[in-house]
Amino acid sequence: METADPTPHARSTDRDTTADGPPRKAPQLSLELLVHGVGGTTAQEMLGDPRVQLITGDDTAACYRRTDDADAEQRPDDYRGEPVREAYCWSNLTSGNGARALWLILVPFMVANLAHWMRPAAPSEHPAQRIYDLLVRILALTLTVLLAAAACEVALDLTAWQCAGTTVCAAGKSWMGFLSPDNSGWWSAPGRRLALASMVPLLVIGFLWGLSRRTWSAYESASPPPRLPGTSRDTPVAERTALSREGFWYGRRLVARLRAAHAAAGVLTVAAVLLAAAAKADGDGGHPVLAVTGRALTALVIVLAAATLIVVWRTARSEDAPDVSSDHLVVRALPFASLAVLALTLVHTGWARPGARSRGPLPGADAFGGVAVFQGVLVLALAVTAWVLQRAARDDARTALRGMGGPAVALLACAVGGVLSGGVAQRFADWLDGGATPGQAHAPIPGPPVLLSWQASVIPALLVVVAAVVVLAAVRVVIVRNRVTKDVPGLYDPREQPDAGRTKRIAATIAGAGLTDSAPVLIAATSAVTLVLGAGAVIGAWLTGRAPGRATEGAPPVVHAAAETAESLGSWLMGAGVILLITMGRRAYRDHSARRTIGILWDVGTFWPRAAHPFAPPCYAERAVPDLTWRMATWTERFDGRLVLSGHSQGSVLAAAAVWQLDLVTRSRVALLTYGSPLERLYGRWFPAFFGPPALTGLHREMDDWRNLWRFTDPIGGPIRLTCEGGRRIDQGPLRDPLSFGRTLQNPLPAQILGHGDYQADPVFGTVRAELIARLGPDLPGQRPADERPKGRQDQGSSGRSSG
């Protein structure tokens, strides 16, 4: 809710009266609302003044002004021809203390959620749209099952079943003494050990459920303004994006339903593991009553699993209006029913079974292979669906991977989930058995499932492919740098003396910035190799039933040595990957430069609502977009003013999303200024259904004016590639960077290469901002001339980014 301004305001009037003269027209007040980008910044830096005052908001996200401008609405005469500057700071929505580094463990869930939004730009009524969304939701559910299975592998299989049941492994571990069968204690029975250890995966699931609920209350609780977003009647249906719908940024009920389903799936996974172990004991020991009880509980688990799948099946986004309907009784009761079945399963598993012992791996270890195969089938089905949608797409000229971005990213989500789960299991098993190697002939415990060892063994091969792609990218940078070097001096005043070293630095910056456009090649290569190697790992595990090192014992020495090396190296790499992920996360929240680097992917990933996985990091845009929409709508209505929305980098994406949510009257008073914007370069290519050329064309058509500044040296921002019929371009650029090539009277020291930052330092910025304010004018803008309406196509002319 908007807080009161620091001074009381009266509703503005069109005219003021003087004591000795006729009425005079009141000066028109303009507002420039600044929205920062990736990495965040302070209000003091944005406004260029150490003294700032909060206007509206809280410690998480708020609007600030210079202290001298806090009561600008009461002094409009002081701001003739110059807008009041106001900064919207949202960095605390995505950054904070070091504890948020743990959110990086949720990366597989975030990546799976991204796959939902990467569908091709086919018409919304296309039937394959629903199939695509459903496949992503089911795949996201398998990631929760994989996480729960990994926690069960560590706590139940490796700890309670294998190590606690083996004297050699349990020796020297005082914390495990009461579980050892040599002590003949109450907890030494295998079933009771498993029942006790099941608290660990249950706590993991409970932690994710609680974190999701807490972030759900903080982020998804911001309701959209109580007004309908407007769409001009002359905007073609093909140019209307879902981001302009009233309920797009309100996923409160959807996340709650998915959270209930995923929590139930995690609890049922734990129950299934316990029942598998109990069933083996009952079959070996001949306990008919317990066997019947186990079958009854298994039937309940199957029924609840089917109900969970149905809930996920039927939980689709409702974007036309905010979803405020109450959850069905089945949805609300599903997690509690799953917990009740788990409680019965714990009693059943812990029931005394004389003579029962734990030998070998825990029954059900093959479930990892089943999950991997099922995920592969889902990814292939998703690829087929995406291909169908891409054929029906309205404009696919620059869509990343020809519409296969969603399936490729979904496959990477599964791969990252496998690496995290396998890495934790492998490293924990190595810690438990001391100096031995789990799974080898003389090891005290069998170790993790064979599939995890095979998955570890293919990681070195995958890294070789990635390294090869990186080397090719570096070679490309050198080639492009050499080609651009001869053109750099021509961008500047010929009177400036050329310098070979500075020329190469500028050319190298331009070449490095172009690597962003090569991201589809890296993702395509990584996904293709992951699919092939992952399939090979599953086949190898099922055919041999042994780890790669043992499976190749009869092979030539070179092959056997290579297999053992790959298995050991991959095992360490999996564990190192988990540690590196957490370390990078902590550094990102402690080091501003690291935050800016990692934040590029993080802020893109958490921009989108949690439509597929409820345990993904929260969507900051569900707070930021309503904030901006409320502020623009209420300020223009209260003070009858005009507003320039100025967004940098990711802030330009938030700005565009907020403009789409405005009603037509407010939108007519708002101009958009973007700079360093990834709207077309990243979002338009990877999320074509929402930011593709038709959607951006519709945005330009429905608002008064829009300008975009970009540079060749910017690795994130780029041109929008839209042109009006009369030749007026949205794009203003490429801007010169650095501003001067050598030393000049204005720049006696070498000018800095700015790249993605400090667009305000360029004189073009002030010129374009003044032009936008002038075009808004003192009166409501009318219909733009026909020769300035945007084309419904991409402009492939000189405004496009050069490959070199």
# chains A, B, ... in the order shown; residues from 1 in each chain; ligands from 1
>>> residues_around(residues="range 272-281 of chain A", least_positions_apart="4", cutoff="8 Å", atoms="only C-alpha atoms", output="PyMOL selection string")
chain A and resi 152+191+194-195+268+285+291+294+297-298+301+345-346+348-349+353+356+362-364
>>> residues_around(residues="Ala508 in chain A", least_positions_apart="3", cutoff="9 Å", atoms="only C-alpha atoms", output="number ranges by chain")
A: 477-478, 480-482, 484-485, 503-505, 511-513, 713
>>> write_last_selection(atoms="N, CA, C and O atoms", output="compact mmCIF listing (two decimals), in the first residue's frame")
# COMPACT_ATOMS: atom_id res chain seq x y z
N VAL A 477 36.16 -14.42 -30.16
CA VAL A 477 36.41 -13.07 -29.64
C VAL A 477 37.65 -12.47 -30.29
O VAL A 477 37.67 -11.30 -30.68
N VAL A 478 38.70 -13.28 -30.41
CA VAL A 478 39.93 -12.79 -31.02
C VAL A 478 39.70 -12.41 -32.48
O VAL A 478 40.17 -11.35 -32.95
N VAL A 480 36.84 -11.58 -33.99
CA VAL A 480 36.00 -10.39 -34.08
C VAL A 480 36.77 -9.15 -33.65
O VAL A 480 36.64 -8.08 -34.26
N ARG A 481 37.59 -9.28 -32.61
CA ARG A 481 38.38 -8.13 -32.16
C ARG A 481 39.30 -7.64 -33.28
O ARG A 481 39.40 -6.43 -33.53
N ASN A 482 39.96 -8.56 -33.96
CA ASN A 482 40.86 -8.15 -35.05
C ASN A 482 40.09 -7.51 -36.20
O ASN A 482 40.59 -6.59 -36.85
N VAL A 484 37.23 -5.84 -35.90
CA VAL A 484 36.65 -4.56 -35.48
C VAL A 484 37.72 -3.50 -35.27
O VAL A 484 37.44 -2.30 -35.40
N THR A 485 38.94 -3.93 -34.98
CA THR A 485 39.99 -2.97 -34.62
C THR A 485 40.15 -1.87 -35.66
O THR A 485 40.29 -0.68 -35.32
N THR A 503 42.77 1.11 -28.93
CA THR A 503 41.92 0.59 -29.99
C THR A 503 41.62 -0.89 -29.76
O THR A 503 40.48 -1.34 -29.89
N LYS A 504 42.66 -1.66 -29.39
CA LYS A 504 42.45 -3.08 -29.15
C LYS A 504 41.55 -3.32 -27.94
O LYS A 504 40.74 -4.26 -27.92
N ARG A 505 41.70 -2.49 -26.90
CA ARG A 505 40.84 -2.65 -25.72
C ARG A 505 39.38 -2.39 -26.06
O ARG A 505 38.48 -3.12 -25.62
N ALA A 511 33.91 -7.19 -28.90
CA ALA A 511 33.87 -8.61 -29.23
C ALA A 511 33.38 -9.44 -28.05
O ALA A 511 32.58 -10.38 -28.22
N GLY A 512 33.84 -9.11 -26.84
CA GLY A 512 33.37 -9.84 -25.66
C GLY A 512 31.90 -9.64 -25.40
O GLY A 512 31.20 -10.57 -24.97
N ALA A 513 31.40 -8.43 -25.65
CA ALA A 513 29.97 -8.18 -25.44
C ALA A 513 29.12 -9.02 -26.38
O ALA A 513 27.99 -9.40 -26.06
N THR A 713 29.35 -2.08 -26.86
CA THR A 713 30.17 -2.61 -25.77
C THR A 713 29.35 -3.20 -24.63
O THR A 713 29.92 -3.69 -23.66
>>> closest_residue(among="A:Val371, A:Ile479, A:Ala410, A:Ala621", to="Val538 in chain A", atoms="only C-alpha atoms")
A:Val371
>>> atom_distance(atom1="CA of Ala551 in chain A", atom2="CA of Leu569 in chain A")
16.8 Å
>>> closest_atom_pairs(of="range 392-511 of chain A", to="range 729-741 of chain A", cutoff="10 Å", atoms="only C-alpha atoms", output="tab-separated table")
residue	atom	partner	partner_atom	distance
A:Val488	CA	A:Phe741	CA	8.9
A:Pro489	CA	A:Phe741	CA	7.6
A:Leu491	CA	A:Arg736	CA	7.4
A:Tyr492	CA	A:Phe741	CA	6.3
A:Asp493	CA	A:Phe741	CA	8.0
A:Pro494	CA	A:Phe741	CA	9.7
A:Glu496	CA	A:Phe741	CA	6.7
A:Gln497	CA	A:Phe741	CA	8.0
A:Pro498	CA	A:Phe741	CA	7.4
A:Asp499	CA	A:Phe741	CA	8.4
A:Arg502	CA	A:Phe741	CA	8.0
A:Thr503	CA	A:Phe741	CA	8.3
A:Ile506	CA	A:Pro738	CA	7.9
A:Thr509	CA	A:Asp737	CA	9.9
A:Ile510	CA	A:Asp737	CA	9.6
>>> select_by_dssp(residues="range 569-770 of chain A", states="strand (DSSP E or B)", output="ChimeraX atom specification")
/A:642-648,670-675,705-709,723-724,729,731-732
>>> closest_residue(among="A:Val267, A:Leu329, A:Val604, A:Ile773", to="Thr144 in chain A", atoms="only C-alpha atoms")
A:Val267
>>> closest_residue(among="A:Ala264, A:Leu196, A:Leu452, A:Val204", to="Gly417 in chain A", atoms="only C-alpha atoms")
A:Leu452
>>> residues_around(residues="range 413-416 of chain A", least_positions_apart="6", cutoff="8 Å", atoms="only C-alpha atoms", output="PyMOL selection string")
chain A and resi 107-109+111-112+143+375+530
>>> residues_around(residues="Leu146 in chain A", least_positions_apart="5", cutoff="9 Å", atoms="only C-alpha atoms", output="PyMOL selection string")
chain A and resi 141+151+266+269+368+371-372+417-418+421
>>> closest_residue(among="A:Arg119, A:Arg317, A:Arg51, A:His262", to="Ala305 in chain A", atoms="only C-alpha atoms")
A:His262
>>> closest_atom_pairs(of="range 107-222 of chain A", to="range 390-394 of chain A", cutoff="9 Å", atoms="only C-alpha atoms", output="Markdown table")
| residue | atom | partner | partner_atom | distance |
| --- | --- | --- | --- | --- |
| A:Arg119 | CA | A:Gln390 | CA | 8.3 |
| A:Pro120 | CA | A:Gln390 | CA | 5.3 |
| A:Ala121 | CA | A:Ala393 | CA | 4.8 |
| A:Ala122 | CA | A:Ala393 | CA | 3.9 |
| A:Pro123 | CA | A:Ala393 | CA | 6.9 |
| A:His126 | CA | A:Ala392 | CA | 8.3 |
>>> residues_around(residues="Leu654 in chain A", least_positions_apart="4", cutoff="12 Å", atoms="only C-alpha atoms", output="ChimeraX atom specification")
/A:34-38,88-90,243,249,603-604,607-608,619-629,645-650,658-661,672,674,677-679,683
>>> write_last_selection(atoms="N, CA and C atoms", output="short mmCIF file (atom, residue, chain, number, x, y, z; two decimals), in the first residue's frame")
data_model
loop_
_atom_site.label_atom_id
_atom_site.label_comp_id
_atom_site.auth_asym_id
_atom_site.auth_seq_id
_atom_site.Cartn_x
_atom_site.Cartn_y
_atom_site.Cartn_z
N LEU A 34 12.99 6.44 -11.95
CA LEU A 34 14.17 5.65 -12.29
C LEU A 34 14.04 4.25 -11.69
N VAL A 35 14.37 3.24 -12.50
CA VAL A 35 14.34 1.85 -12.04
C VAL A 35 15.69 1.23 -12.36
N HIS A 36 16.42 0.81 -11.33
CA HIS A 36 17.77 0.28 -11.54
C HIS A 36 17.72 -1.14 -12.07
N GLY A 37 18.89 -1.68 -12.37
CA GLY A 37 18.97 -2.99 -13.01
C GLY A 37 19.64 -4.03 -12.15
N VAL A 38 20.29 -4.99 -12.82
CA VAL A 38 20.92 -6.12 -12.16
C VAL A 38 22.00 -5.63 -11.20
N TYR A 88 13.13 4.19 -7.81
CA TYR A 88 12.50 2.99 -7.24
C TYR A 88 13.61 1.96 -7.04
N CYS A 89 13.88 1.59 -5.78
CA CYS A 89 14.93 0.64 -5.43
C CYS A 89 14.30 -0.69 -5.04
N TRP A 90 14.65 -1.74 -5.78
CA TRP A 90 14.08 -3.07 -5.53
C TRP A 90 15.14 -4.13 -5.26
N LEU A 243 1.36 -10.55 -20.51
CA LEU A 243 1.80 -9.68 -19.43
C LEU A 243 0.87 -8.50 -19.20
N TRP A 249 0.33 -11.07 -12.67
CA TRP A 249 1.28 -10.92 -11.57
C TRP A 249 0.63 -11.23 -10.22
N ASP A 603 18.63 -12.86 -11.65
CA ASP A 603 17.51 -11.94 -11.76
C ASP A 603 16.61 -12.29 -12.94
N VAL A 604 17.18 -12.86 -14.01
CA VAL A 604 16.33 -13.34 -15.11
C VAL A 604 15.50 -14.52 -14.64
N PHE A 607 12.69 -13.45 -12.19
CA PHE A 607 11.73 -12.46 -12.68
C PHE A 607 10.36 -13.09 -12.89
N TRP A 608 10.35 -14.35 -13.30
CA TRP A 608 9.09 -14.98 -13.70
C TRP A 608 8.36 -15.59 -12.52
N CYS A 619 9.44 -14.94 -6.97
CA CYS A 619 9.39 -14.00 -8.08
C CYS A 619 9.30 -12.58 -7.52
N TYR A 620 10.39 -11.81 -7.70
CA TYR A 620 10.39 -10.44 -7.18
C TYR A 620 9.47 -9.53 -7.99
N ALA A 621 9.20 -9.88 -9.25
CA ALA A 621 8.36 -9.02 -10.09
C ALA A 621 6.92 -8.98 -9.60
N GLU A 622 6.47 -10.00 -8.86
CA GLU A 622 5.11 -9.97 -8.33
C GLU A 622 4.96 -8.95 -7.22
N ARG A 623 6.05 -8.43 -6.74
CA ARG A 623 6.02 -7.27 -5.84
C ARG A 623 6.38 -6.00 -6.60
N ALA A 624 7.42 -6.05 -7.46
CA ALA A 624 7.93 -4.84 -8.10
C ALA A 624 6.96 -4.29 -9.15
N VAL A 625 6.37 -5.15 -9.96
CA VAL A 625 5.48 -4.66 -11.02
C VAL A 625 4.24 -3.98 -10.45
N PRO A 626 3.53 -4.59 -9.48
CA PRO A 626 2.43 -3.83 -8.85
C PRO A 626 2.88 -2.54 -8.18
N ASP A 627 4.07 -2.55 -7.60
CA ASP A 627 4.59 -1.31 -7.00
C ASP A 627 4.68 -0.20 -8.04
N LEU A 628 5.32 -0.48 -9.16
CA LEU A 628 5.49 0.53 -10.20
C LEU A 628 4.15 0.93 -10.81
N THR A 629 3.28 -0.03 -11.00
CA THR A 629 1.96 0.27 -11.58
C THR A 629 1.17 1.18 -10.66
N LEU A 645 9.18 6.96 -17.50
CA LEU A 645 9.62 5.77 -16.79
C LEU A 645 10.98 5.37 -17.36
N SER A 646 12.01 5.47 -16.55
CA SER A 646 13.39 5.31 -17.01
C SER A 646 13.97 4.04 -16.41
N GLY A 647 14.18 3.01 -17.23
CA GLY A 647 14.63 1.72 -16.72
C GLY A 647 15.95 1.29 -17.32
N HIS A 648 16.86 0.86 -16.46
CA HIS A 648 18.17 0.37 -16.90
C HIS A 648 18.24 -1.14 -16.72
N SER A 649 18.74 -1.84 -17.74
CA SER A 649 18.99 -3.27 -17.66
C SER A 649 17.71 -4.02 -17.27
N GLN A 650 17.77 -4.81 -16.18
CA GLN A 650 16.59 -5.54 -15.75
C GLN A 650 15.48 -4.59 -15.33
N ALA A 658 5.36 -3.19 -16.19
CA ALA A 658 4.47 -2.28 -15.48
C ALA A 658 3.62 -1.46 -16.45
N VAL A 659 4.21 -1.02 -17.56
CA VAL A 659 3.45 -0.25 -18.55
C VAL A 659 2.33 -1.09 -19.13
N TRP A 660 2.59 -2.37 -19.37
CA TRP A 660 1.54 -3.25 -19.88
C TRP A 660 0.36 -3.35 -18.91
N GLN A 661 0.60 -3.15 -17.62
CA GLN A 661 -0.45 -3.27 -16.62
C GLN A 661 -1.23 -1.97 -16.41
N LEU A 672 8.37 5.94 -22.12
CA LEU A 672 9.30 4.91 -21.66
C LEU A 672 10.69 5.17 -22.22
N THR A 674 14.39 3.34 -22.04
CA THR A 674 15.14 2.15 -21.64
C THR A 674 16.58 2.29 -22.12
N SER A 677 19.10 -2.33 -22.20
CA SER A 677 17.91 -3.16 -22.01
C SER A 677 18.05 -4.53 -22.68
N PRO A 678 17.76 -5.62 -21.95
CA PRO A 678 17.76 -6.95 -22.56
C PRO A 678 16.39 -7.36 -23.11
N LEU A 679 15.49 -6.39 -23.30
CA LEU A 679 14.12 -6.72 -23.70
C LEU A 679 14.06 -7.57 -24.96
N TYR A 683 15.26 -11.40 -23.54
CA TYR A 683 13.88 -11.79 -23.29
C TYR A 683 13.13 -12.07 -24.58
#
>>> closest_residue(among="A:Asp320, A:Ser358, A:Arg667, A:Ile720", to="Ser180 in chain A", atoms="only C-alpha atoms")
A:Ser358
>>> select_by_dssp(residues="range 398-543 of chain A", states="alpha helix (DSSP H)", output="JSON, numbers by chain")
{"A": [405, 406, 407, 408, 409, 410, 411, 412, 413, 414, 415, 416, 417, 418, 419, 420, 421, 422, 423, 424, 425, 426, 427, 428, 429, 430, 431, 432, 450, 451, 452, 453, 454, 455, 456, 457, 458, 459, 460, 461, 462, 463, 464, 465, 466, 467, 468, 469, 470, 471, 472, 473, 474, 475, 476, 477, 478, 479, 480, 481, 482, 483, 484, 485, 500, 501, 502, 503, 504, 505, 506, 507, 508, 509, 510, 511, 512, 513, 519, 520, 521, 522, 523, 524, 525, 526, 527, 528, 529, 530, 531, 532, 533, 534, 535, 536, 537, 538, 539, 540, 541, 542, 543]}
>>> closest_residue(among="A:Ala655, A:Ser124, A:Glu680, A:Phe639", to="Val237 in chain A", atoms="only C-alpha atoms")
A:Ser124
